[in-house]
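What follows is a short report on a single structure.
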Amino acid sequence: MAEENPTPSLAQPSPLAQALGAFNPRQNIGLLVAVAAIIALLAGMWIWGQTPEYRVLYSNLSDRDGGAIIDALQQQNVPYKFSEGGGALLVPANQVHEMRLRLASQGLPKGSLVGFELMENQKFGTSQFLEQVNYQRALEGELARSMQTLAAVQSARVHLALPKPSVFVKEQLKPSASVVLSLFPGRTLDAGQVNGIIHLVSSSVADMPAKNVTVLDQSGSLLSPNKEGSDTPLDATQIKYVRQIEQDYIKRIEAIVSPLVGAENVHAQITADIDFSQAEQTAETFSPNQPPNEAAVRSQQTLESRNGGGQTPAGVPGALSNQPPVPATAPIVSPASAVTEAAGGTGTNSRKESTTNYEVDRTIRYTKLPVGNIKRLSVAVIVNNRMVTDKNGKATSKPLSDGEKEQITALVKEAMGFNANRGDSLNVLNSEFNEEKETPAAEVPLWKQPEMIALAKDGLRYLIIAGIGLYLLFGVIRPAFNNIEKERKQALEEKARQAEAQKTAMEHRAPPDGQAAYDNNLQSVKEMAQNDPKVVAAVVKEWVTKDE
């Protein structure tokens with residue numbers, strides 16, 4: 001038998017090439033498509049896990065504010081998107097608060113209201129009427145912006161009625177205002193806040209009284225006090241005053257009794273009857289007449305007249321009467337009765353009058369009674385029993401003694417200013433309190449806390465991604481490669497057995513003719529190398545291994 005020539009060793013193919021070489025082209029294409037689909041699925045899941053959660057930055061924006069905010073977001077490279085319908089602008093959840101602060105520093109959103117910036121763009125040749133209209137619009141916008149700074153106010157609108165000035169006093173009208181407030185859901189305004197809004201508007205407009213300001217909410221309810229319907233018995237201020245009086249007395253009573261029985265062992269309630277009626281009194285009083293020597297002289301008048309002391313001219317006027325008198329021829333007699341002669345008598349007349357006016361005592365008193373006087377107090381006080389500990393350390397409840405009750409009653413009367421004349425009533429009761437132990441507020445479980453819920457959502461997302469990836473790796477890819485490797489080994493073993501069988505058949509075959517047998521064997525090997533070169537390579541490899 002001729003000696004076999006040594007065959008050079010062939011290059012070892014890579015495992016991947018061997019794995020791909022074990023399949024036909026159709027199977028290779030399917031395998032590549034499956035691998036590409038798995039890679040695409042993993043890439044999509046990774047992108048989905050990295051996609052940020054979007055939350056609302058602003059909603060119900062005007063077109064002007066929306067465009068300005070989008071420009072600001074684009075300048076800062078912040079991703080954004082709109083919700084369905086374009087009603088809200090969304091940004092990543094971790095940037096919501098930061099972007100609100102940044103946009104607020106730029107004055108965004110400005111809202112649909114315009115303020116005094118409207119006066120900055122005045123055109124040349126604007127009429128006085130247009131300037132007045134712009135000023136009114138600017139003032140309304142500034143007032144609305146000021147109201148929107150309140151925590152409970154979502155939006156506000158202000159309407160001002162500014163009358164034209166007149167030179168006639170009788171024709172001058174006071175300005176008025178109407179305010180419509182849109183409150184946040186679940187929010188309300190108390191009386192103090194409404195009064196603050198009213199005075200804000202009235203103080204911002206010249207000569208506007210507070211009573212000319214009307215405030216409404218979004219449901220049309222009147223928030224400002226109704227001046228026309230003010231005939232109610234008590235208004236909000238009076239009710240608040242009554243509650244304040246009652247709370248003040250309650251604090252006094254509990255503060256004076258709690259050192260004796262304990263802070264939690266006394267409770268008091270008071271009902272105060274307050275008189276809010278307004279009364280004015282005017283009285284004029286005259287005192288009785290006083291003695292003249294004690295009375296004050298107001299005025300005094302004295303009249304005194306006297307006639308007499310000699311002859312007086314008498315007679316018919318003329319020449320005879322102007323002549324000197326004739327010497328007396330008889331003695332002159334002057335009777336005591338002051339006889340007056342008909343012509344030229346010698347008697348004397350005297351008259352004296354005196355008038356004295358004394359002051360009359362009169363008192364005029366004008367009294368305005370105070371408002372808010374206490375008419376009556378009704379007080380109820382309950383005191384818990386005293387806890388006594390015996391020798392064994394057992395605590396028992398023991399009622400207060402009569403002396404202790406009297407002491408507490410006396411202290412309460414002094415603290416409340418008890419007045420029996422005005423009808424005050426006091427009732428002090430000693431009884432055991434039915435104290436129900438308050439169960440401590442259950443803490444929110446860890447799994448219900450918002451932070452833990454958010455963390456669980458993120459963890460669940462990544463866990464799902466990892467689970468799907470592991471399933472694809474160990475449940476799809478690895479079994480597929482195992483099957484491929486198994487089939488490849490089976491095919492190689494089958495081909496090796498066939499080659500071994502052919503080799504054995506060639507070795508045991510009796511050559512009919514030496515040269516002819518050699519030619520036949522060579523032709524068979526050539527055909528086998530052409531048809532299945534892998535099997536030939538495996539046989540050659542096995543031969544080389546045996547030779548070594």
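We name chains A, B, ... following the order of the structure tokens; residues begin at 1 in each chain, and ligands are numbered from 1 as shown.
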
I want to know what sits within 12 Å of Val381 in chain A, based on only C-alpha atoms, with residues of the same chain fewer than 6 positions away left out; could you give that as a short mmCIF file (atom, residue, chain, number, x, y, z; two decimals) with all heavy atoms, in the first residue's frame?
data_model
loop_
_atom_site.label_atom_id
_atom_site.label_comp_id
_atom_site.auth_asym_id
_atom_site.auth_seq_id
_atom_site.Cartn_x
_atom_site.Cartn_y
_atom_site.Cartn_z
N TYR A 249 -64.23 85.61 79.30
CA TYR A 249 -64.69 85.17 80.63
C TYR A 249 -64.35 83.70 80.86
O TYR A 249 -64.02 83.30 81.99
CB TYR A 249 -66.20 85.39 80.75
CG TYR A 249 -66.56 86.80 81.15
CD1 TYR A 249 -67.08 87.70 80.24
CD2 TYR A 249 -66.37 87.24 82.47
CE1 TYR A 249 -67.41 89.00 80.60
CE2 TYR A 249 -66.70 88.53 82.84
CZ TYR A 249 -67.22 89.42 81.90
OH TYR A 249 -67.53 90.69 82.28
N ILE A 250 -64.44 82.89 79.82
CA ILE A 250 -64.09 81.47 79.98
C ILE A 250 -62.63 81.32 80.37
O ILE A 250 -62.27 80.53 81.26
CB ILE A 250 -64.42 80.71 78.67
CG1 ILE A 250 -65.92 80.61 78.47
CG2 ILE A 250 -63.79 79.32 78.70
CD1 ILE A 250 -66.31 79.99 77.15
N LYS A 251 -61.75 82.08 79.72
CA LYS A 251 -60.32 82.01 80.06
C LYS A 251 -60.08 82.47 81.49
O LYS A 251 -59.25 81.90 82.21
CB LYS A 251 -59.53 82.86 79.08
CG LYS A 251 -59.48 82.29 77.66
CD LYS A 251 -58.66 83.19 76.76
CE LYS A 251 -58.61 82.62 75.34
NZ LYS A 251 -57.85 83.51 74.42
N ILE A 253 -62.16 82.28 84.07
CA ILE A 253 -62.64 81.28 85.03
C ILE A 253 -61.71 80.08 85.07
O ILE A 253 -61.33 79.59 86.14
CB ILE A 253 -64.08 80.88 84.68
CG1 ILE A 253 -65.03 82.08 84.87
CG2 ILE A 253 -64.55 79.70 85.52
CD1 ILE A 253 -66.43 81.83 84.38
N GLU A 254 -61.36 79.55 83.89
CA GLU A 254 -60.49 78.37 83.87
C GLU A 254 -59.11 78.68 84.41
O GLU A 254 -58.47 77.82 85.03
CB GLU A 254 -60.41 77.84 82.44
CG GLU A 254 -61.73 77.26 81.93
CD GLU A 254 -61.61 76.70 80.54
OE1 GLU A 254 -60.54 76.92 79.91
OE2 GLU A 254 -62.56 76.04 80.06
N VAL A 257 -59.40 78.69 88.33
CA VAL A 257 -59.79 77.44 88.99
C VAL A 257 -58.79 76.31 88.68
O VAL A 257 -58.61 75.41 89.51
CB VAL A 257 -61.21 77.03 88.54
CG1 VAL A 257 -61.64 75.72 89.20
CG2 VAL A 257 -62.21 78.12 88.90
N SER A 258 -58.13 76.35 87.54
CA SER A 258 -57.23 75.27 87.15
C SER A 258 -56.09 75.04 88.14
O SER A 258 -55.68 73.88 88.33
CB SER A 258 -56.69 75.51 85.75
OG SER A 258 -56.00 76.75 85.69
N ASN A 265 -59.22 69.53 84.36
CA ASN A 265 -60.31 69.10 85.25
C ASN A 265 -61.37 70.16 85.43
O ASN A 265 -62.20 70.04 86.33
CB ASN A 265 -59.76 68.70 86.62
CG ASN A 265 -58.88 67.47 86.55
OD1 ASN A 265 -59.12 66.57 85.73
ND2 ASN A 265 -57.84 67.41 87.36
N VAL A 266 -61.37 71.20 84.64
CA VAL A 266 -62.40 72.23 84.75
C VAL A 266 -62.73 72.73 83.34
O VAL A 266 -61.85 72.91 82.50
CB VAL A 266 -61.91 73.41 85.63
CG1 VAL A 266 -60.63 74.01 85.10
CG2 VAL A 266 -63.00 74.47 85.76
N HIS A 267 -64.02 72.90 83.11
CA HIS A 267 -64.52 73.43 81.83
C HIS A 267 -65.64 74.41 82.15
O HIS A 267 -66.44 74.19 83.06
CB HIS A 267 -65.04 72.32 80.92
CG HIS A 267 -63.98 71.35 80.50
ND1 HIS A 267 -63.00 71.65 79.59
CD2 HIS A 267 -63.74 70.08 80.90
CE1 HIS A 267 -62.21 70.61 79.43
NE2 HIS A 267 -62.64 69.64 80.21
N ALA A 268 -65.66 75.50 81.42
CA ALA A 268 -66.66 76.54 81.64
C ALA A 268 -67.26 76.97 80.32
O ALA A 268 -66.59 76.95 79.28
CB ALA A 268 -66.03 77.75 82.35
N GLN A 269 -68.53 77.34 80.39
CA GLN A 269 -69.24 77.88 79.24
C GLN A 269 -70.05 79.08 79.71
O GLN A 269 -70.62 79.07 80.80
CB GLN A 269 -70.16 76.85 78.60
CG GLN A 269 -69.44 75.74 77.86
CD GLN A 269 -68.67 76.26 76.67
OE1 GLN A 269 -69.08 77.23 76.03
NE2 GLN A 269 -67.54 75.61 76.36
N ILE A 270 -70.09 80.11 78.86
CA ILE A 270 -70.75 81.37 79.23
C ILE A 270 -71.64 81.81 78.08
O ILE A 270 -71.25 81.72 76.91
CB ILE A 270 -69.72 82.46 79.57
CG1 ILE A 270 -68.98 82.12 80.86
CG2 ILE A 270 -70.38 83.83 79.71
CD1 ILE A 270 -67.97 83.15 81.26
N THR A 271 -72.80 82.28 78.44
CA THR A 271 -73.71 82.93 77.49
C THR A 271 -73.87 84.38 77.93
O THR A 271 -74.35 84.64 79.04
CB THR A 271 -75.07 82.23 77.44
OG1 THR A 271 -74.88 80.86 77.06
CG2 THR A 271 -75.99 82.92 76.45
N LYS A 405 -66.26 73.28 97.07
CA LYS A 405 -67.24 73.80 96.11
C LYS A 405 -67.53 75.27 96.37
O LYS A 405 -67.62 76.08 95.43
CB LYS A 405 -68.52 72.99 96.17
CG LYS A 405 -68.41 71.56 95.68
CD LYS A 405 -69.75 70.86 95.77
CE LYS A 405 -69.65 69.41 95.31
NZ LYS A 405 -70.95 68.71 95.43
N ILE A 408 -64.62 77.36 95.12
CA ILE A 408 -64.61 77.48 93.65
C ILE A 408 -65.72 78.41 93.18
O ILE A 408 -65.52 79.25 92.29
CB ILE A 408 -64.74 76.09 93.01
CG1 ILE A 408 -63.49 75.26 93.31
CG2 ILE A 408 -64.96 76.19 91.51
CD1 ILE A 408 -63.57 73.83 92.83
N THR A 409 -66.90 78.31 93.83
CA THR A 409 -68.01 79.20 93.45
C THR A 409 -67.66 80.65 93.72
O THR A 409 -67.95 81.54 92.90
CB THR A 409 -69.28 78.80 94.22
OG1 THR A 409 -69.59 77.42 93.94
CG2 THR A 409 -70.45 79.66 93.80
N LEU A 411 -64.65 81.98 93.82
CA LEU A 411 -63.64 82.41 92.85
C LEU A 411 -64.27 82.70 91.49
O LEU A 411 -63.91 83.69 90.83
CB LEU A 411 -62.56 81.33 92.71
CG LEU A 411 -61.62 81.14 93.90
CD1 LEU A 411 -60.70 79.97 93.65
CD2 LEU A 411 -60.81 82.41 94.15
N VAL A 412 -65.20 81.86 91.08
CA VAL A 412 -65.85 82.08 89.78
C VAL A 412 -66.65 83.37 89.79
O VAL A 412 -66.65 84.14 88.82
CB VAL A 412 -66.72 80.87 89.42
CG1 VAL A 412 -67.54 81.14 88.16
CG2 VAL A 412 -65.87 79.62 89.21
N LYS A 413 -67.36 83.65 90.91
CA LYS A 413 -68.13 84.89 90.99
C LYS A 413 -67.23 86.12 90.90
O LYS A 413 -67.56 87.10 90.23
CB LYS A 413 -68.92 84.92 92.31
CG LYS A 413 -70.13 84.01 92.32
CD LYS A 413 -70.92 84.18 93.61
CE LYS A 413 -72.19 83.32 93.60
NZ LYS A 413 -72.99 83.49 94.84
N MET A 416 -65.92 86.46 87.18
CA MET A 416 -66.91 86.89 86.20
C MET A 416 -67.56 88.21 86.54
O MET A 416 -68.30 88.78 85.72
CB MET A 416 -68.00 85.82 86.05
CG MET A 416 -68.82 85.60 87.31
SD MET A 416 -70.21 84.47 87.08
CE MET A 416 -71.34 85.53 86.19
N SER A 425 -76.51 84.49 86.49
CA SER A 425 -76.74 83.16 87.05
C SER A 425 -75.44 82.37 86.96
O SER A 425 -74.67 82.52 86.01
CB SER A 425 -77.85 82.43 86.30
OG SER A 425 -77.51 82.24 84.94
N LEU A 426 -75.22 81.52 87.96
CA LEU A 426 -74.01 80.70 88.04
C LEU A 426 -74.37 79.32 88.54
O LEU A 426 -75.12 79.17 89.51
CB LEU A 426 -72.99 81.35 88.99
CG LEU A 426 -71.73 80.52 89.30
CD1 LEU A 426 -70.94 80.27 88.03
CD2 LEU A 426 -70.87 81.23 90.34
N ASN A 427 -73.85 78.32 87.86
CA ASN A 427 -74.10 76.93 88.23
C ASN A 427 -72.76 76.19 88.18
O ASN A 427 -72.15 76.08 87.11
CB ASN A 427 -75.11 76.29 87.28
CG ASN A 427 -75.50 74.90 87.73
OD1 ASN A 427 -75.13 74.46 88.81
ND2 ASN A 427 -76.27 74.21 86.90
N VAL A 428 -72.30 75.71 89.33
CA VAL A 428 -71.04 74.96 89.45
C VAL A 428 -71.40 73.52 89.77
O VAL A 428 -72.06 73.24 90.77
CB VAL A 428 -70.13 75.56 90.53
CG1 VAL A 428 -68.85 74.74 90.66
CG2 VAL A 428 -69.80 77.01 90.21
N LEU A 429 -70.96 72.60 88.92
CA LEU A 429 -71.27 71.18 89.05
C LEU A 429 -69.98 70.40 89.23
O LEU A 429 -69.00 70.63 88.51
CB LEU A 429 -72.03 70.68 87.82
CG LEU A 429 -72.35 69.18 87.77
CD1 LEU A 429 -73.29 68.80 88.91
CD2 LEU A 429 -72.95 68.81 86.43
N ASN A 430 -69.99 69.48 90.21
CA ASN A 430 -68.86 68.59 90.44
C ASN A 430 -69.28 67.18 90.07
O ASN A 430 -70.24 66.62 90.62
CB ASN A 430 -68.43 68.67 91.90
CG ASN A 430 -67.36 67.64 92.25
OD1 ASN A 430 -67.42 67.01 93.28
ND2 ASN A 430 -66.38 67.47 91.37
N SER A 431 -68.57 66.60 89.08
CA SER A 431 -68.90 65.26 88.62
C SER A 431 -67.65 64.65 88.02
O SER A 431 -66.69 65.35 87.67
CB SER A 431 -70.03 65.30 87.59
OG SER A 431 -70.31 64.00 87.11
#

Need to verify the contact set: Thr214 in chain A, 7 Å, only C-alpha atoms, exclusion of same-chain residues closer than 2 positions in sequence. Can you return it as number ranges by chain?
A: 177-179, 212, 216, 224

Restricting the calculation to only C-alpha atoms, which member of A:Gly125, A:Pro185, A:Pro370, A:Pro175 is positioned closest to Val153 in chain A?
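With only C-alpha atoms as the atom set, the closest residue is A:Pro185.
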
What does the distance from CA of Glu246 in chain A to CA of Ala272 in chain A come to in Å, to one decimal?
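Those two atoms sit 6.3 Å apart.
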
Residue set, range 120-248 of chain A restricted to strand (DSSP E or B), as a CSV table (one decimal) with all heavy atoms, in the first residue's frame:
chain,number,residue,atom,x,y,z
A,153,VAL,N,-57.5,83.7,45.9
A,153,VAL,CA,-58.0,84.2,44.7
A,153,VAL,C,-57.3,83.6,43.5
A,153,VAL,O,-56.0,83.7,43.4
A,153,VAL,CB,-57.9,85.8,44.7
A,153,VAL,CG1,-58.4,86.3,43.4
A,153,VAL,CG2,-58.7,86.3,45.9
A,154,GLN,N,-58.0,83.0,42.6
A,154,GLN,CA,-57.4,82.5,41.4
A,154,GLN,C,-57.3,83.5,40.3
A,154,GLN,O,-56.3,83.6,39.6
A,154,GLN,CB,-58.2,81.3,40.9
A,154,GLN,CG,-57.6,80.6,39.7
A,154,GLN,CD,-58.4,79.3,39.3
A,154,GLN,OE1,-59.5,79.1,39.8
A,154,GLN,NE2,-57.9,78.5,38.4
A,155,SER,N,-58.4,84.3,40.1
A,155,SER,CA,-58.3,85.4,39.1
A,155,SER,C,-59.3,86.4,39.6
A,155,SER,O,-60.2,86.2,40.4
A,155,SER,CB,-58.7,84.9,37.7
A,155,SER,OG,-60.0,84.3,37.7
A,156,ALA,N,-59.2,87.6,39.0
A,156,ALA,CA,-60.0,88.7,39.5
A,156,ALA,C,-60.2,89.7,38.3
A,156,ALA,O,-59.4,89.8,37.4
A,156,ALA,CB,-59.4,89.5,40.6
A,157,ARG,N,-61.4,90.3,38.3
A,157,ARG,CA,-61.7,91.4,37.3
A,157,ARG,C,-62.3,92.6,38.0
A,157,ARG,O,-63.1,92.4,39.0
A,157,ARG,CB,-62.7,90.9,36.3
A,157,ARG,CG,-62.1,89.8,35.4
A,157,ARG,CD,-63.0,89.6,34.2
A,157,ARG,NE,-63.0,90.7,33.3
A,157,ARG,CZ,-63.8,90.9,32.2
A,157,ARG,NH1,-64.6,89.9,31.9
A,157,ARG,NH2,-63.7,92.0,31.5
A,158,VAL,N,-61.9,93.7,37.6
A,158,VAL,CA,-62.3,95.0,38.3
A,158,VAL,C,-62.9,95.9,37.2
A,158,VAL,O,-62.3,96.1,36.1
A,158,VAL,CB,-61.1,95.7,39.0
A,158,VAL,CG1,-61.6,97.0,39.7
A,158,VAL,CG2,-60.5,94.7,40.0
A,159,HIS,N,-64.1,96.4,37.5
A,159,HIS,CA,-64.7,97.4,36.7
A,159,HIS,C,-64.9,98.7,37.5
A,159,HIS,O,-65.5,98.7,38.5
A,159,HIS,CB,-66.1,96.9,36.2
A,159,HIS,CG,-66.0,95.5,35.5
A,159,HIS,ND1,-65.7,95.4,34.2
A,159,HIS,CD2,-66.2,94.3,36.0
A,159,HIS,CE1,-65.7,94.1,33.9
A,159,HIS,NE2,-66.0,93.4,35.0
A,160,LEU,N,-64.4,99.8,36.9
A,160,LEU,CA,-64.4,101.1,37.6
A,160,LEU,C,-65.4,102.0,36.8
A,160,LEU,O,-65.4,102.0,35.6
A,160,LEU,CB,-63.0,101.7,37.6
A,160,LEU,CG,-62.0,101.0,38.4
A,160,LEU,CD1,-60.7,101.7,38.3
A,160,LEU,CD2,-62.4,100.8,39.9
A,161,ALA,N,-66.2,102.7,37.5
A,161,ALA,CA,-67.1,103.7,37.0
A,161,ALA,C,-66.6,105.0,37.5
A,161,ALA,O,-66.9,105.4,38.6
A,161,ALA,CB,-68.5,103.4,37.4
A,176,SER,N,-67.5,104.6,41.6
A,176,SER,CA,-67.9,103.3,42.1
A,176,SER,C,-67.1,102.2,41.4
A,176,SER,O,-66.5,102.4,40.4
A,176,SER,CB,-69.4,103.0,42.0
A,176,SER,OG,-69.8,103.1,40.6
A,177,ALA,N,-67.1,101.0,42.0
A,177,ALA,CA,-66.3,99.9,41.5
A,177,ALA,C,-67.1,98.6,41.7
A,177,ALA,O,-67.8,98.4,42.7
A,177,ALA,CB,-65.0,99.8,42.1
A,178,SER,N,-66.9,97.6,40.8
A,178,SER,CA,-67.4,96.3,40.9
A,178,SER,C,-66.3,95.3,40.7
A,178,SER,O,-65.5,95.4,39.8
A,178,SER,CB,-68.5,96.0,39.9
A,178,SER,OG,-69.6,96.9,40.0
A,179,VAL,N,-66.2,94.3,41.6
A,179,VAL,CA,-65.1,93.3,41.6
A,179,VAL,C,-65.7,91.9,41.5
A,179,VAL,O,-66.6,91.6,42.3
A,179,VAL,CB,-64.2,93.5,42.9
A,179,VAL,CG1,-63.1,92.4,42.9
A,179,VAL,CG2,-63.7,94.9,43.0
A,180,VAL,N,-65.2,91.1,40.6
A,180,VAL,CA,-65.6,89.7,40.5
A,180,VAL,C,-64.4,88.9,40.7
A,180,VAL,O,-63.4,89.0,40.0
A,180,VAL,CB,-66.2,89.5,39.1
A,180,VAL,CG1,-66.6,88.0,38.9
A,180,VAL,CG2,-67.3,90.4,38.8
A,181,LEU,N,-64.5,88.0,41.7
A,181,LEU,CA,-63.4,87.2,42.1
A,181,LEU,C,-63.7,85.7,41.8
A,181,LEU,O,-64.8,85.2,42.0
A,181,LEU,CB,-63.1,87.3,43.7
A,181,LEU,CG,-62.8,88.6,44.2
A,181,LEU,CD1,-62.7,88.6,45.7
A,181,LEU,CD2,-61.5,89.2,43.6
A,182,SER,N,-62.7,85.0,41.3
A,182,SER,CA,-62.7,83.6,41.0
A,182,SER,C,-61.8,82.9,42.0
A,182,SER,O,-60.6,83.1,41.9
A,182,SER,CB,-62.3,83.3,39.6
A,182,SER,OG,-62.4,81.9,39.3
A,183,LEU,N,-62.4,82.2,43.0
A,183,LEU,CA,-61.6,81.6,44.0
A,183,LEU,C,-61.2,80.2,43.6
A,183,LEU,O,-61.9,79.5,42.8
A,183,LEU,CB,-62.5,81.5,45.3
A,183,LEU,CG,-63.0,82.9,45.8
A,183,LEU,CD1,-63.8,82.7,47.1
A,183,LEU,CD2,-61.9,83.9,46.0
A,213,VAL,N,-68.2,100.1,46.7
A,213,VAL,CA,-67.5,99.0,46.1
A,213,VAL,C,-68.3,97.7,46.3
A,213,VAL,O,-68.7,97.4,47.5
A,213,VAL,CB,-66.1,98.8,46.8
A,213,VAL,CG1,-65.3,97.6,46.1
A,213,VAL,CG2,-65.3,100.1,46.6
A,214,THR,N,-68.5,97.0,45.3
A,214,THR,CA,-69.3,95.7,45.3
A,214,THR,C,-68.4,94.6,44.9
A,214,THR,O,-67.7,94.6,43.9
A,214,THR,CB,-70.5,95.8,44.4
A,214,THR,OG1,-71.3,96.9,44.7
A,214,THR,CG2,-71.3,94.5,44.5
A,215,VAL,N,-68.4,93.5,45.7
A,215,VAL,CA,-67.5,92.3,45.5
A,215,VAL,C,-68.4,91.1,45.3
A,215,VAL,O,-69.3,90.8,46.2
A,215,VAL,CB,-66.6,92.1,46.7
A,215,VAL,CG1,-65.6,91.0,46.4
A,215,VAL,CG2,-65.7,93.4,46.9
A,216,LEU,N,-68.2,90.4,44.3
A,216,LEU,CA,-68.9,89.1,44.0
A,216,LEU,C,-67.9,88.0,43.8
A,216,LEU,O,-66.7,88.3,43.5
A,216,LEU,CB,-69.7,89.3,42.7
A,216,LEU,CG,-70.8,90.3,42.6
A,216,LEU,CD1,-71.5,90.4,41.3
A,216,LEU,CD2,-71.9,90.1,43.7
A,217,ASP,N,-68.3,86.8,44.0
A,217,ASP,CA,-67.5,85.6,43.7
A,217,ASP,C,-68.0,85.0,42.3
A,217,ASP,O,-68.9,85.5,41.7
A,217,ASP,CB,-67.5,84.6,44.8
A,217,ASP,CG,-68.9,84.1,45.1
A,217,ASP,OD1,-69.9,84.4,44.4
A,217,ASP,OD2,-69.1,83.2,46.0
A,222,LEU,N,-72.9,87.6,46.8
A,222,LEU,CA,-72.4,89.0,47.2
A,222,LEU,C,-71.5,88.8,48.4
A,222,LEU,O,-72.0,88.3,49.5
A,222,LEU,CB,-73.6,89.9,47.5
A,222,LEU,CG,-73.3,91.3,47.9
A,222,LEU,CD1,-72.6,92.0,46.8
A,222,LEU,CD2,-74.5,92.0,48.4

Within 12 Å of range 530-533 of chain A, counting only C-alpha atoms, which residues show up once you throw out same-chain ones fewer than 2 positions away? Write them as a VMD selection string, please.
chain A and resid 10 21 492 495 to 496 498 to 499 523 to 528 535 to 540

Given the selection you just returned, output its residues as a file containing C-alpha atoms, formatted as an mmCIF file, in the first residue's frame.
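The result, stored in selection25.cif:
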data_model
loop_
_atom_site.group_PDB
_atom_site.id
_atom_site.type_symbol
_atom_site.label_atom_id
_atom_site.label_comp_id
_atom_site.auth_asym_id
_atom_site.auth_seq_id
_atom_site.Cartn_x
_atom_site.Cartn_y
_atom_site.Cartn_z
ATOM 1 C CA LEU A 10 -6.303 23.880 8.067
ATOM 2 C CA GLY A 21 -22.058 27.586 9.107
ATOM 3 C CA LEU A 492 -21.080 17.137 12.928
ATOM 4 C CA LYS A 495 -21.113 13.622 9.252
ATOM 5 C CA ALA A 496 -18.168 12.258 11.221
ATOM 6 C CA GLN A 498 -20.538 8.916 7.731
ATOM 7 C CA ALA A 499 -16.902 9.845 7.025
ATOM 8 C CA GLN A 523 -12.105 10.275 -7.401
ATOM 9 C CA SER A 524 -14.344 9.499 -4.419
ATOM 10 C CA VAL A 525 -12.318 11.772 -2.157
ATOM 11 C CA LYS A 526 -12.487 14.595 -4.702
ATOM 12 C CA GLU A 527 -16.240 14.242 -4.983
ATOM 13 C CA MET A 528 -16.598 14.179 -1.205
ATOM 14 C CA VAL A 535 -16.528 16.484 6.568
ATOM 15 C CA VAL A 536 -13.232 16.176 4.719
ATOM 16 C CA ALA A 537 -11.713 18.854 6.933
ATOM 17 C CA ALA A 538 -12.909 16.999 10.026
ATOM 18 C CA VAL A 539 -11.401 13.723 8.774
ATOM 19 C CA VAL A 540 -8.103 15.389 7.983
#

To one decimal place, how far is CA of Arg100 in chain A from CA of Ala151 in chain A in Å?
16.8 Å

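Between CA of Asp458 in chain A and CA of Val56 in chain A lies a distance of 19.4 Å.
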